[in-house]
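Report on the following structure.
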Amino acid sequence: MSMSFNILRTTSTPISICSSKTTPIFSTLLHSPSQFPSKSITPTLVISIHQGKRSFRGGIVAMAAPGSLNKSEEEWRAILSPQQFRILRQKGTEFPGTGEYDKFFGEGVYNCAGCGAPLYKSTTKFNSGCGWPAFFEGLPGAINRTPDPDGMRTEITCAACGGHLGHVFKGEGFPTPTDERHCVNSISLKFVPANSS
């Protein structure tokens, strides 16, 4: 079964992800740090899936660092390196074959370099030979897809902070479960080894 999803955002906190027929499939609730009585509680992203008679309530799928979601351009410039800002906030691209994670295959999770939200498991990374890290799928709810204005490519961004990751390509014939290639800038990622706690 294949479905496409649109992310609908309103000015209130809830975010709904709907199928192309606008039937709610996922409901997500982000809590801002100001809603918590104590600084020891971290905001979380909780997903509930409802389809037919089945329902699933998942744990944390993606979580950003407190206060990272709504930063101004000046705040982003203050915390990101000039290269990270150019790519994550201005939708730039690093040169092929120069990224830290292009040929790296350690076991762990790749987080957003901007906000720290988990994006990809290392088990979904593969060597596409394109010069950038390639993944066949992101973590559920972690990646937004937006067609480029020219309609030639589909941009992928961090769902938590909107940071530019790269582009996704379909139908290239790679022997992966999804036949997709998430072509991601290394500088948009921060690898966390599996053995770190």
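By order of appearance in the structure tokens: chains A, B, ..., then residues from 1 within every chain, and ligands from 1 in the order shown.
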
Set the distance at 7 Å and use only C-alpha atoms: which residues neighbour segment 75-91 of chain A once local chain neighbours fewer than 3 positions away are removed? I'd like the list as a PyMOL selection string.
chain A and resi 71-72+163-165+187-188

Do you have the atom CA of Pro140 of chain A-atom CA of Ala160 of chain A distance handy?
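So the answer is 12.1 Å.
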
Please provide the set of residues having any atom within 10 Å of Met152 of chain A, restricted to only C-alpha atoms, with same-chain residues fewer than 4 positions apart removed, written as a list in words.
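Counting only the stated atoms, we get Pro147, Asp148 and Phe169 of chain A.
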
State, in Å with one decimal place, the distance from atom CA of Asn185 of chain A to atom CA of Asn70 of chain A.
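The value is 22.1 Å.
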